[in-house]
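S.K.: Sharing final01.tsv here; it has TSV, C-alpha atoms.
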chain	number	residue	atom	x	y	z
A	1	MET	CA	133.52	73.68	98.28
A	2	GLU	CA	132.51	75.96	95.46
A	3	THR	CA	133.12	79.68	95.06
A	4	THR	CA	132.20	82.07	92.29
A	5	GLU	CA	132.85	85.64	93.52
A	6	THR	CA	136.02	87.33	92.27
A	7	ASN	CA	137.42	87.83	95.78
A	8	ALA	CA	136.02	84.60	97.26
A	9	PHE	CA	138.10	81.46	97.69
A	10	ASP	CA	137.84	78.02	99.16
A	11	VAL	CA	141.08	78.38	101.14
A	12	LEU	CA	143.24	81.42	101.79
A	13	VAL	CA	146.88	80.97	102.82
A	14	ILE	CA	148.69	83.78	104.65
A	15	GLY	CA	152.45	83.58	104.09
A	16	VAL	CA	153.93	81.97	100.97
A	17	GLY	CA	157.30	80.95	102.33
A	18	SER	CA	158.34	77.33	102.72
A	19	MET	CA	155.20	75.96	104.40
A	20	GLY	CA	152.79	78.33	102.69
A	21	ALA	CA	154.09	77.60	99.19
A	22	ALA	CA	153.82	73.87	99.92
A	23	ALA	CA	150.29	74.30	101.28
A	24	CYS	CA	149.21	76.25	98.18
A	25	TYR	CA	150.74	73.54	95.99
A	26	HIS	CA	148.93	70.66	97.69
A	27	LEU	CA	145.64	72.55	97.93
A	28	ALA	CA	145.68	73.55	94.27
A	29	LYS	CA	146.48	69.99	93.18
A	30	ARG	CA	143.23	68.93	94.88
A	31	GLY	CA	141.25	71.27	92.67
A	32	VAL	CA	140.08	73.87	95.19
A	33	ARG	CA	140.26	77.60	94.66
A	34	VAL	CA	143.29	78.88	96.58
A	35	LEU	CA	144.64	82.35	97.29
A	36	GLY	CA	148.16	82.69	98.68
A	37	LEU	CA	149.20	86.07	100.08
A	38	GLU	CA	152.84	86.99	100.71
A	39	GLN	CA	153.93	90.39	102.03
A	40	PHE	CA	157.38	90.15	100.39
A	41	ASP	CA	158.81	88.59	97.23
A	42	ILE	CA	158.61	84.83	96.62
A	43	PRO	CA	161.17	83.73	97.74
A	44	ASN	CA	162.84	86.40	99.90
A	45	GLU	CA	165.66	86.87	102.44
A	46	LEU	CA	163.60	88.42	105.24
A	47	GLY	CA	162.17	85.33	106.95
A	48	SER	CA	163.41	81.83	107.67
A	49	HIS	CA	164.10	80.15	104.33
A	50	ASN	CA	167.03	82.11	102.89
A	51	GLY	CA	170.60	80.91	102.74
A	52	GLN	CA	171.07	78.65	99.71
A	53	THR	CA	171.00	75.22	101.45
A	54	ARG	CA	169.11	73.28	104.15
A	55	ILE	CA	170.06	69.83	105.50
A	56	ILE	CA	167.58	66.99	105.04
A	57	ARG	CA	167.96	63.76	107.04
A	58	LYS	CA	165.79	60.89	108.23
A	59	ALA	CA	167.53	59.46	111.34
A	60	TYR	CA	166.20	62.32	113.38
A	61	GLY	CA	168.16	63.22	116.49
A	62	GLU	CA	165.42	65.53	117.76
A	63	SER	CA	162.85	62.72	118.12
A	64	PRO	CA	161.91	59.50	116.28
A	65	ARG	CA	158.32	60.81	116.17
A	66	TYR	CA	159.34	63.04	113.25
A	67	VAL	CA	160.59	60.19	111.06
A	68	PRO	CA	157.26	59.33	109.32
A	69	LEU	CA	156.92	62.99	108.32
A	70	LEU	CA	160.47	62.93	106.96
A	71	GLN	CA	159.81	59.78	104.96
A	72	ARG	CA	156.80	61.50	103.41
A	73	ALA	CA	158.83	64.66	102.78
A	74	TYR	CA	161.46	62.69	100.85
A	75	GLU	CA	158.70	61.21	98.67
A	76	ASN	CA	157.10	64.59	98.04
A	77	TRP	CA	160.38	66.34	97.19
A	78	LYS	CA	161.07	63.60	94.64
A	79	THR	CA	157.58	64.12	93.19
A	80	LEU	CA	158.29	67.84	92.82
A	81	GLU	CA	161.53	67.03	90.99
A	82	ARG	CA	159.70	64.71	88.59
A	83	GLU	CA	156.98	67.27	87.92
A	84	THR	CA	159.37	70.15	87.26
A	85	GLY	CA	162.47	68.46	85.87
A	86	SER	CA	164.51	70.46	88.41
A	87	GLN	CA	166.77	69.06	91.11
A	88	VAL	CA	166.05	70.26	94.65
A	89	TYR	CA	167.60	67.41	96.71
A	90	TYR	CA	171.33	66.64	96.67
A	91	GLN	CA	172.38	63.37	98.31
A	92	THR	CA	175.77	64.21	99.79
A	93	GLY	CA	175.58	62.05	102.88
A	94	LEU	CA	175.78	63.51	106.37
A	95	VAL	CA	178.23	62.88	109.18
A	96	TYR	CA	177.24	63.45	112.79
A	97	PHE	CA	179.91	63.71	115.47
A	98	GLY	CA	180.22	64.42	119.16
A	99	ALA	CA	180.70	62.81	122.54
A	100	PRO	CA	179.40	59.22	122.69
A	101	GLU	CA	177.00	60.11	125.52
A	102	SER	CA	175.30	62.81	123.40
A	103	LEU	CA	171.53	62.33	123.66
A	104	PHE	CA	171.19	63.71	120.14
A	105	LEU	CA	173.51	61.06	118.68
A	106	GLN	CA	171.84	58.32	120.68
A	107	THR	CA	168.47	59.43	119.29
A	108	VAL	CA	169.92	59.33	115.76
A	109	LEU	CA	170.78	55.69	116.41
A	110	GLU	CA	167.34	55.05	117.92
A	111	SER	CA	165.59	56.56	114.89
A	112	SER	CA	167.81	54.50	112.60
A	113	ALA	CA	167.06	51.24	114.41
A	114	ARG	CA	163.32	51.84	114.75
A	115	PHE	CA	162.73	52.77	111.11
A	116	GLY	CA	165.48	50.88	109.30
A	117	ILE	CA	167.36	53.99	108.19
A	118	PRO	CA	170.97	53.25	107.16
A	119	VAL	CA	173.41	54.83	109.61
A	120	ASN	CA	177.05	53.71	109.85
A	121	ARG	CA	179.46	54.05	112.77
A	122	LEU	CA	182.81	55.28	111.43
A	123	GLU	CA	185.83	54.13	113.37
A	124	ALA	CA	188.94	56.29	113.63
A	125	GLY	CA	190.79	54.72	110.72
A	126	GLU	CA	187.89	54.92	108.27
A	127	ARG	CA	186.96	58.49	109.14
A	128	ALA	CA	190.60	59.59	108.84
A	129	ARG	CA	190.74	58.00	105.38
A	130	ARG	CA	187.40	59.25	104.11
A	131	PHE	CA	187.02	62.57	105.93
A	132	PRO	CA	190.51	63.87	106.76
A	133	GLN	CA	189.12	67.41	106.91
A	134	PHE	CA	187.85	66.76	110.45
A	135	ALA	CA	190.12	66.80	113.52
A	136	LEU	CA	188.15	65.08	116.27
A	137	PRO	CA	189.19	64.32	119.83
A	138	GLU	CA	189.96	60.72	120.70
A	139	GLY	CA	186.82	58.94	121.83
A	140	PHE	CA	184.40	61.04	119.76
A	141	LEU	CA	181.59	59.17	118.00
A	142	MET	CA	181.12	59.72	114.25
A	143	LEU	CA	178.04	58.45	112.42
A	144	GLU	CA	177.27	58.59	108.71
A	145	GLU	CA	173.78	58.76	107.19
A	146	PRO	CA	174.39	58.06	103.47
A	147	GLU	CA	170.88	59.01	102.30
A	148	ALA	CA	170.98	62.48	103.86
A	149	GLY	CA	171.95	65.63	102.01
A	150	PHE	CA	170.62	69.09	101.37
A	151	LEU	CA	167.77	70.97	99.73
A	152	VAL	CA	168.03	74.30	97.92
A	153	PRO	CA	165.30	76.31	99.68
A	154	GLU	CA	164.85	79.29	97.38
A	155	ARG	CA	164.47	76.98	94.38
A	156	CYS	CA	162.08	74.72	96.30
A	157	ILE	CA	159.79	77.63	97.17
A	158	ARG	CA	159.85	79.07	93.68
A	159	LEU	CA	158.97	75.69	92.17
A	160	LEU	CA	156.21	74.99	94.69
A	161	ALA	CA	154.63	78.39	94.01
A	162	GLU	CA	154.94	77.94	90.24
A	163	GLN	CA	153.36	74.49	90.38
A	164	ALA	CA	150.58	75.82	92.61
A	165	LYS	CA	149.80	78.48	90.00
A	166	LYS	CA	149.97	75.86	87.26
A	167	HIS	CA	147.21	73.99	89.10
A	168	GLY	CA	145.08	77.13	89.41
A	169	ALA	CA	146.19	78.83	92.61
A	170	ASP	CA	146.20	82.62	92.79
A	171	ILE	CA	149.54	83.61	94.37
A	172	ARG	CA	150.08	87.29	95.17
A	173	SER	CA	153.36	88.74	96.43
A	174	ARG	CA	154.03	92.13	98.01
A	175	GLU	CA	150.56	92.13	99.53
A	176	ALA	CA	150.52	92.47	103.31
A	177	VAL	CA	147.68	91.18	105.48
A	178	LEU	CA	146.35	93.86	107.85
A	179	GLU	CA	143.80	91.74	109.70
A	180	TRP	CA	141.59	88.69	109.47
A	181	GLN	CA	138.29	87.77	111.08
A	182	ARG	CA	136.13	84.64	111.37
A	183	ASP	CA	132.35	84.82	111.47
A	184	ALA	CA	129.43	82.51	110.74
A	185	GLY	CA	129.96	82.94	107.03
A	186	GLY	CA	133.65	82.05	107.00
A	187	ILE	CA	136.86	84.06	106.94
A	188	THR	CA	137.44	87.69	105.92
A	189	VAL	CA	141.00	88.84	105.23
A	190	THR	CA	141.90	92.49	104.68
A	191	THR	CA	145.20	93.46	103.03
A	192	ASN	CA	146.83	96.65	101.84
A	193	ARG	CA	145.22	95.97	98.46
A	194	GLY	CA	141.77	94.56	99.13
A	195	THR	CA	139.40	92.33	101.06
A	196	TYR	CA	138.89	88.60	100.47
A	197	ARG	CA	136.52	85.91	101.70
A	198	ALA	CA	137.29	82.22	102.15
A	199	HIS	CA	135.76	79.12	103.70
A	200	LYS	CA	139.04	78.17	105.39
A	201	LEU	CA	142.21	79.97	106.43
A	202	VAL	CA	145.75	78.57	106.66
A	203	VAL	CA	148.30	80.73	108.51
A	204	THR	CA	151.95	80.00	107.69
A	205	ALA	CA	153.43	83.38	108.46
A	206	GLY	CA	156.78	82.34	109.91
A	207	PRO	CA	158.23	85.01	112.24
A	208	TRP	CA	155.07	87.10	111.74
A	209	ALA	CA	152.78	84.31	113.01
A	210	GLY	CA	152.64	85.74	116.53
A	211	LYS	CA	151.24	89.03	115.22
A	212	LEU	CA	148.51	87.26	113.26
A	213	LEU	CA	147.77	84.65	115.94
A	214	PRO	CA	147.57	86.43	119.32
A	215	ALA	CA	146.32	83.24	120.99
A	216	LEU	CA	149.68	81.60	120.25
A	217	SER	CA	152.01	84.59	120.50
A	218	ASP	CA	153.19	83.69	124.02
A	219	GLN	CA	154.47	80.36	122.65
A	220	LEU	CA	156.45	81.88	119.75
A	221	GLN	CA	159.86	83.47	120.29
A	222	VAL	CA	161.60	84.92	117.23
A	223	THR	CA	165.40	84.85	117.22
A	224	ARG	CA	168.09	86.09	114.88
A	225	GLN	CA	170.46	83.45	113.45
A	226	VAL	CA	173.79	83.91	111.66
A	227	LEU	CA	174.83	82.00	108.54
A	228	ALA	CA	178.42	82.36	107.33
A	229	TRP	CA	180.47	81.38	104.28
A	230	VAL	CA	184.24	81.09	104.67
A	231	ARG	CA	186.90	80.72	101.98
A	232	PRO	CA	189.31	77.91	102.92
A	233	PRO	CA	192.72	78.06	101.17
A	234	LYS	CA	192.40	74.43	100.09
A	235	ALA	CA	188.86	74.56	98.77
A	236	ALA	CA	189.07	71.41	96.62
A	237	GLY	CA	188.70	69.14	99.66
A	238	PHE	CA	185.35	70.70	100.51
A	239	ALA	CA	183.76	70.60	97.05
A	240	LEU	CA	180.33	69.13	96.35
A	241	GLY	CA	180.89	65.46	95.63
A	242	LYS	CA	183.94	65.22	97.90
A	243	PHE	CA	182.65	66.55	101.22
A	244	PRO	CA	179.43	65.72	103.09
A	245	CYS	CA	177.01	67.76	105.11
A	246	TRP	CA	177.88	67.56	108.80
A	247	MET	CA	176.49	68.19	112.28
A	248	TYR	CA	178.22	68.48	115.67
A	249	GLU	CA	176.09	68.43	118.81
A	250	GLU	CA	177.13	69.45	122.31
A	251	ASP	CA	174.91	70.41	125.26
A	252	GLY	CA	171.91	71.22	123.10
A	253	LYS	CA	173.89	73.35	120.64
A	254	CYS	CA	174.45	72.07	117.12
A	255	TYR	CA	177.02	73.39	114.66
A	256	TYR	CA	176.37	72.30	111.08
A	257	GLY	CA	177.62	72.86	107.56
A	258	PHE	CA	177.64	71.92	103.91
A	259	PRO	CA	179.96	71.15	101.01
A	260	MET	CA	180.99	74.06	98.82
A	261	LEU	CA	178.69	74.57	95.85
A	262	PRO	CA	179.97	75.37	92.35
A	263	ASP	CA	180.00	79.05	91.47
A	264	SER	CA	176.67	79.53	89.70
A	265	GLY	CA	177.35	83.10	88.64
A	266	ALA	CA	174.13	84.10	90.40
A	267	ASP	CA	173.96	86.52	93.30
A	268	LEU	CA	174.54	83.78	95.89
A	269	PRO	CA	177.22	83.46	98.58
A	270	ALA	CA	180.29	81.45	97.69
A	271	GLY	CA	182.35	79.44	100.14
A	272	LEU	CA	182.07	76.83	102.85
A	273	LYS	CA	178.79	77.43	104.69
A	274	LEU	CA	178.37	76.82	108.41
A	275	ALA	CA	176.05	77.95	111.18
A	276	LEU	CA	175.00	77.34	114.77
A	277	HIS	CA	171.60	75.78	115.47
A	278	TYR	CA	170.67	77.30	118.80
A	279	PRO	CA	168.29	80.19	119.59
A	280	GLY	CA	170.14	83.42	118.98
A	281	MET	CA	169.35	86.98	119.96
A	282	GLU	CA	165.63	87.50	120.56
A	283	VAL	CA	163.84	89.73	118.06
A	284	GLY	CA	160.97	91.95	119.15
A	285	ASP	CA	159.68	92.94	115.71
A	286	PRO	CA	160.70	90.79	112.72
A	287	ALA	CA	160.39	93.84	110.50
A	288	LEU	CA	163.15	95.61	112.43
A	289	VAL	CA	165.89	92.96	112.54
A	290	ASN	CA	169.50	94.06	112.62
A	291	ARG	CA	170.98	92.13	109.71
A	292	GLU	CA	174.60	93.05	110.40
A	293	THR	CA	176.59	90.33	112.15
A	294	THR	CA	178.79	90.98	115.18
A	295	LEU	CA	182.38	89.88	115.74
A	296	ALA	CA	181.26	87.66	118.62
A	297	GLU	CA	178.80	85.85	116.34
A	298	THR	CA	181.33	85.14	113.62
A	299	ASN	CA	184.05	84.29	116.14
A	300	ALA	CA	181.87	81.49	117.53
A	301	LEU	CA	181.88	79.92	114.07
A	302	THR	CA	185.55	80.45	113.25
A	303	GLU	CA	186.55	79.07	116.66
A	304	PHE	CA	184.56	75.95	115.90
A	305	LEU	CA	186.45	75.55	112.61
A	306	GLN	CA	189.77	75.95	114.37
A	307	ALA	CA	188.85	73.21	116.85
A	308	TYR	CA	187.22	70.59	114.63
A	309	LEU	CA	187.64	71.53	110.95
A	310	PRO	CA	191.00	73.31	110.83
A	311	SER	CA	191.57	72.99	107.09
A	312	GLY	CA	188.25	74.80	106.59
A	313	GLN	CA	189.52	77.99	108.20
A	314	GLY	CA	189.64	81.03	106.00
A	315	GLU	CA	188.41	84.54	105.47
A	316	ILE	CA	184.68	85.04	106.00
A	317	GLY	CA	183.37	85.96	102.58
A	318	SER	CA	179.64	86.44	103.32
A	319	THR	CA	177.16	86.38	106.17
A	320	LYS	CA	173.38	86.37	106.23
A	321	ILE	CA	170.69	86.53	108.87
A	322	CYS	CA	167.70	84.21	108.99
A	323	LEU	CA	164.98	84.03	111.66
A	324	TYR	CA	163.87	81.17	113.87
A	325	THR	CA	160.37	81.08	115.38
A	326	ASN	CA	160.87	78.94	118.47
A	327	THR	CA	158.30	77.13	120.60
A	328	PRO	CA	159.02	76.36	124.28
A	329	ASP	CA	159.78	72.70	123.52
A	330	GLY	CA	161.37	73.17	120.08
A	331	ASP	CA	158.61	71.19	118.34
A	332	PHE	CA	156.36	72.52	115.57
A	333	ILE	CA	152.75	73.64	115.87
A	334	LEU	CA	150.49	71.96	113.29
A	335	ASP	CA	146.87	72.23	114.34
A	336	PHE	CA	143.60	74.10	114.20
A	337	LEU	CA	143.74	77.47	115.93
A	338	PRO	CA	142.15	77.08	119.38
A	339	GLY	CA	138.77	78.76	119.61
A	340	HIS	CA	138.10	78.77	115.85
A	341	GLY	CA	136.67	75.32	115.24
A	342	ARG	CA	138.16	73.73	112.14
A	343	ASP	CA	138.11	76.87	109.99
A	344	VAL	CA	141.62	78.16	110.82
A	345	VAL	CA	144.68	75.94	110.40
A	346	VAL	CA	148.12	76.99	111.64
A	347	GLY	CA	151.62	75.85	110.78
A	348	CYS	CA	154.17	77.76	112.83
A	349	GLY	CA	156.92	77.55	115.45
A	350	PHE	CA	159.28	75.46	113.33
A	351	SER	CA	162.14	76.30	115.68
A	352	GLY	CA	164.88	76.30	113.05
A	353	HIS	CA	164.50	72.69	111.89
A	354	GLY	CA	161.37	72.79	109.75
A	355	PHE	CA	162.37	73.39	106.14
A	356	LYS	CA	163.21	69.78	105.28
A	357	PHE	CA	159.63	68.84	106.22
A	358	ALA	CA	157.90	71.47	104.05
A	359	ALA	CA	156.84	69.13	101.24
A	360	ALA	CA	155.05	66.93	103.78
A	361	ILE	CA	153.75	69.73	106.00
A	362	GLY	CA	152.06	71.36	103.02
A	363	GLU	CA	150.15	68.11	102.55
A	364	VAL	CA	149.20	67.98	106.25
A	365	LEU	CA	147.92	71.57	106.14
A	366	ALA	CA	145.85	70.76	103.05
A	367	ASP	CA	144.42	67.69	104.81
A	368	LEU	CA	143.41	69.71	107.84
A	369	ALA	CA	141.88	72.53	105.80
A	370	LEU	CA	139.90	70.31	103.42
A	371	ASP	CA	139.19	67.13	105.38
A	372	GLY	CA	139.31	68.32	108.97
A	373	HIS	CA	141.93	65.69	109.85
A	374	THR	CA	145.10	64.07	108.55
A	375	ASP	CA	146.39	60.51	108.56
A	376	MET	CA	149.93	61.74	109.19
A	377	PRO	CA	151.08	61.25	112.82
A	378	VAL	CA	151.19	64.89	113.91
A	379	GLY	CA	149.22	64.66	117.15
A	380	PHE	CA	152.33	65.45	119.19
A	381	LEU	CA	152.49	68.82	117.39
A	382	GLY	CA	149.10	70.07	118.59
A	383	ALA	CA	148.67	73.59	119.95
A	384	GLY	CA	146.88	72.26	123.03
A	385	ARG	CA	150.10	70.87	124.53
A	386	PHE	CA	150.94	74.35	125.87
A	387	ARG	CA	147.77	74.81	127.88
Starting from the file, give its structure as structure tokens.
M.R.:
Amino acid sequence: METTETNAFDVLVIGVGSMGAAACYHLAKRGVRVLGLEQFDIPNELGSHNGQTRIIRKAYGESPRYVPLLQRAYENWKTLERETGSQVYYQTGLVYFGAPESLFLQTVLESSARFGIPVNRLEAGERARRFPQFALPEGFLMLEEPEAGFLVPERCIRLLAEQAKKHGADIRSREAVLEWQRDAGGITVTTNRGTYRAHKLVVTAGPWAGKLLPALSDQLQVTRQVLAWVRPPKAAGFALGKFPCWMYEEDGKCYYGFPMLPDSGADLPAGLKLALHYPGMEVGDPALVNRETTLAETNALTEFLQAYLPSGQGEIGSTKICLYTNTPDGDFILDFLPGHGRDVVVGCGFSGHGFKFAAAIGEVLADLALDGHTDMPVGFLGAGRFR
């Protein structure tokens, strides 16, 4: 590919959030001319990537099919750390717990066995000694994945965008896409600031994907999710370095949380973060989300603490809203847009569990846009499965 016009590019990326920033980064590293367009700031708190921390794990309870992507994501996050000299991955370990018959926990064990991922069963005595913060019913299963931890999403996105620009990408924030069209000559994208041409288009628009991709809109449901930070009286037992990330699964719902981070002095929430991974209230227009939490939403989290993490109870210090874009089966969509040949690539429908994959998904999107295929095993994430 070769372009010379001022407003002409090899690849144009709509949406520079987690997946879009990673796509711009991988595309620019391959030497093509890239334009990334983001309607808000980079990063921002209006989509799906806000909230200070995201769990990353390999022994995937959702499906073992995701594990190769996770292995690649770990490698690519480490590469980003080496390139920038900034830490984005914190290895805290992760404990999973729930009823022994939990399909999620059994799939964690299956992923562990199939791919050789270290996962330890913690018997009652050991978990009481190492993790006395938890109060679990007799008979519950607790597993530990030592190599799991968390990523810091806002920093990840900022670094990916900065590295993309370092490699020649043109990244523009606060520029909203009004429409795009494909014709025999390629792609035309019109924004509130101008018109651009490109050979290929990558759409990573998060909760706005349905508006830009009408062919997929019926498969994308946007929901509003609550994140909360509480202030436990005995905070020392939950500090980074002393407390792991954790997940509790029951009947398809998953409560999860993180250790307390040191006070950075920045405008970030302080406290013990927890949330519920389950589709929340449906959102009609992502631009009109109610970002105030209800008592029922916060009560669901504090009641969980009372039942299973009683020493973590405390006053709720902060809450935030992030958005899920859910597919009918909870799996991602990584594919060419049906009806547009191989000119339009889409990454959407990450259903609340996508961020950890971003460093690998950006590479997959670059593969599809530039090579027309990828060697990564993403066939199960094709858009055609909904037909």
S.K.: Looking at A:Met376, A:Leu109, A:Leu305, A:Leu220, which one is nearest to A:Tyr255, with distances taken over only C-alpha atoms?
M.R.: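 Of all the options, A:Leu305 lies closest to A:Tyr255.
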S.K.: Select, from A:Leu261, A:Val222, A:Leu35, A:Leu334, the residue with the minimum atom-to-atom distance to A:Val364, counting only C-alpha atoms.
M.R.: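 Under the stated criterion, the closest residue is A:Leu334.
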S.K.: Each side padded by 4 Å, which centre and which edge lengths in Å (one decimal) define the axis-aligned box around the listed atoms of stretch 110-128 of chain A? Give them as lines of an AutoDock Vina configuration file.
M.R.:
center_x = 176.8
center_y = 55.2
center_z = 112.5
size_x = 36.1
size_y = 16.7
size_z = 18.8
S.K.: Work out how far atom CA of A:Trp77 is from atom CA of A:Arg65, in Å to one decimal.
M.R.: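 So the two atoms, atom CA of A:Arg65 and atom CA of A:Trp77, lie 19.9 Å apart.
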S.K.: If you measure from atom CA of A:Gln225 to atom CA of A:Pro259, what distance in Å do you get, rounded to one decimal?
M.R.: 19.9 Å
S.K.: At what distance in Å, to one decimal, does atom CA of A:Ala369 lie from atom CA of A:Ala176?
M.R.: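 Straight-line distance from atom CA of A:Ala176 to atom CA of A:Ala369 works out to 21.9 Å.
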S.K.: Could you tell me which of A:Pro43, A:Gly93, A:Gly314, A:Gly382 comes closest to A:Arg174 if we count only C-alpha atoms?
M.R.: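 When distances to A:Arg174 are compared using only C-alpha atoms, the smallest one comes from A:Pro43.
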S.K.: Tell me which protein, DNA and RNA residues are within 12 Å of stretch 153-155 of chain A, counting all atoms listed in the file, leaving out same-chain ones fewer than 4 positions away, and put them as a PDB file with C-alpha atoms, keeping the file's coordinate frame.
M.R.:
ATOM      1  CA  VAL A  16     153.930  81.970 100.970  1.00  0.00           C
ATOM      2  CA  GLY A  17     157.300  80.950 102.330  1.00  0.00           C
ATOM      3  CA  SER A  18     158.340  77.330 102.720  1.00  0.00           C
ATOM      4  CA  MET A  19     155.200  75.960 104.400  1.00  0.00           C
ATOM      5  CA  ALA A  21     154.090  77.600  99.190  1.00  0.00           C
ATOM      6  CA  ALA A  22     153.820  73.870  99.920  1.00  0.00           C
ATOM      7  CA  ASP A  41     158.810  88.590  97.230  1.00  0.00           C
ATOM      8  CA  ILE A  42     158.610  84.830  96.620  1.00  0.00           C
ATOM      9  CA  PRO A  43     161.170  83.730  97.740  1.00  0.00           C
ATOM     10  CA  ASN A  44     162.840  86.400  99.900  1.00  0.00           C
ATOM     11  CA  GLU A  45     165.660  86.870 102.440  1.00  0.00           C
ATOM     12  CA  GLY A  47     162.170  85.330 106.950  1.00  0.00           C
ATOM     13  CA  SER A  48     163.410  81.830 107.670  1.00  0.00           C
ATOM     14  CA  HIS A  49     164.100  80.150 104.330  1.00  0.00           C
ATOM     15  CA  ASN A  50     167.030  82.110 102.890  1.00  0.00           C
ATOM     16  CA  GLY A  51     170.600  80.910 102.740  1.00  0.00           C
ATOM     17  CA  GLN A  52     171.070  78.650  99.710  1.00  0.00           C
ATOM     18  CA  THR A  53     171.000  75.220 101.450  1.00  0.00           C
ATOM     19  CA  ARG A  54     169.110  73.280 104.150  1.00  0.00           C
ATOM     20  CA  ILE A  55     170.060  69.830 105.500  1.00  0.00           C
ATOM     21  CA  ILE A  56     167.580  66.990 105.040  1.00  0.00           C
ATOM     22  CA  TRP A  77     160.380  66.340  97.190  1.00  0.00           C
ATOM     23  CA  LEU A  80     158.290  67.840  92.820  1.00  0.00           C
ATOM     24  CA  GLU A  81     161.530  67.030  90.990  1.00  0.00           C
ATOM     25  CA  THR A  84     159.370  70.150  87.260  1.00  0.00           C
ATOM     26  CA  SER A  86     164.510  70.460  88.410  1.00  0.00           C
ATOM     27  CA  GLN A  87     166.770  69.060  91.110  1.00  0.00           C
ATOM     28  CA  VAL A  88     166.050  70.260  94.650  1.00  0.00           C
ATOM     29  CA  TYR A  89     167.600  67.410  96.710  1.00  0.00           C
ATOM     30  CA  TYR A  90     171.330  66.640  96.670  1.00  0.00           C
ATOM     31  CA  LEU A 159     158.970  75.690  92.170  1.00  0.00           C
ATOM     32  CA  LEU A 160     156.210  74.990  94.690  1.00  0.00           C
ATOM     33  CA  ALA A 161     154.630  78.390  94.010  1.00  0.00           C
ATOM     34  CA  GLU A 162     154.940  77.940  90.240  1.00  0.00           C
ATOM     35  CA  LEU A 268     174.540  83.780  95.890  1.00  0.00           C
ATOM     36  CA  GLY A 354     161.370  72.790 109.750  1.00  0.00           C
ATOM     37  CA  PHE A 355     162.370  73.390 106.140  1.00  0.00           C
ATOM     38  CA  LYS A 356     163.210  69.780 105.280  1.00  0.00           C
ATOM     39  CA  PHE A 357     159.630  68.840 106.220  1.00  0.00           C
ATOM     40  CA  ALA A 358     157.900  71.470 104.050  1.00  0.00           C
ATOM     41  CA  ALA A 359     156.840  69.130 101.240  1.00  0.00           C
TER      42      ALA A 359
END
S.K.: Just want the 12 Å neighbourhood of A:Asn7, counted on only C-alpha atoms, with same-chain residues fewer than 4 positions away dropped. Output as an MDAnalysis selection string.
M.R.: chainID A and resid 3 11:12 33:35 170 187:190 193:199
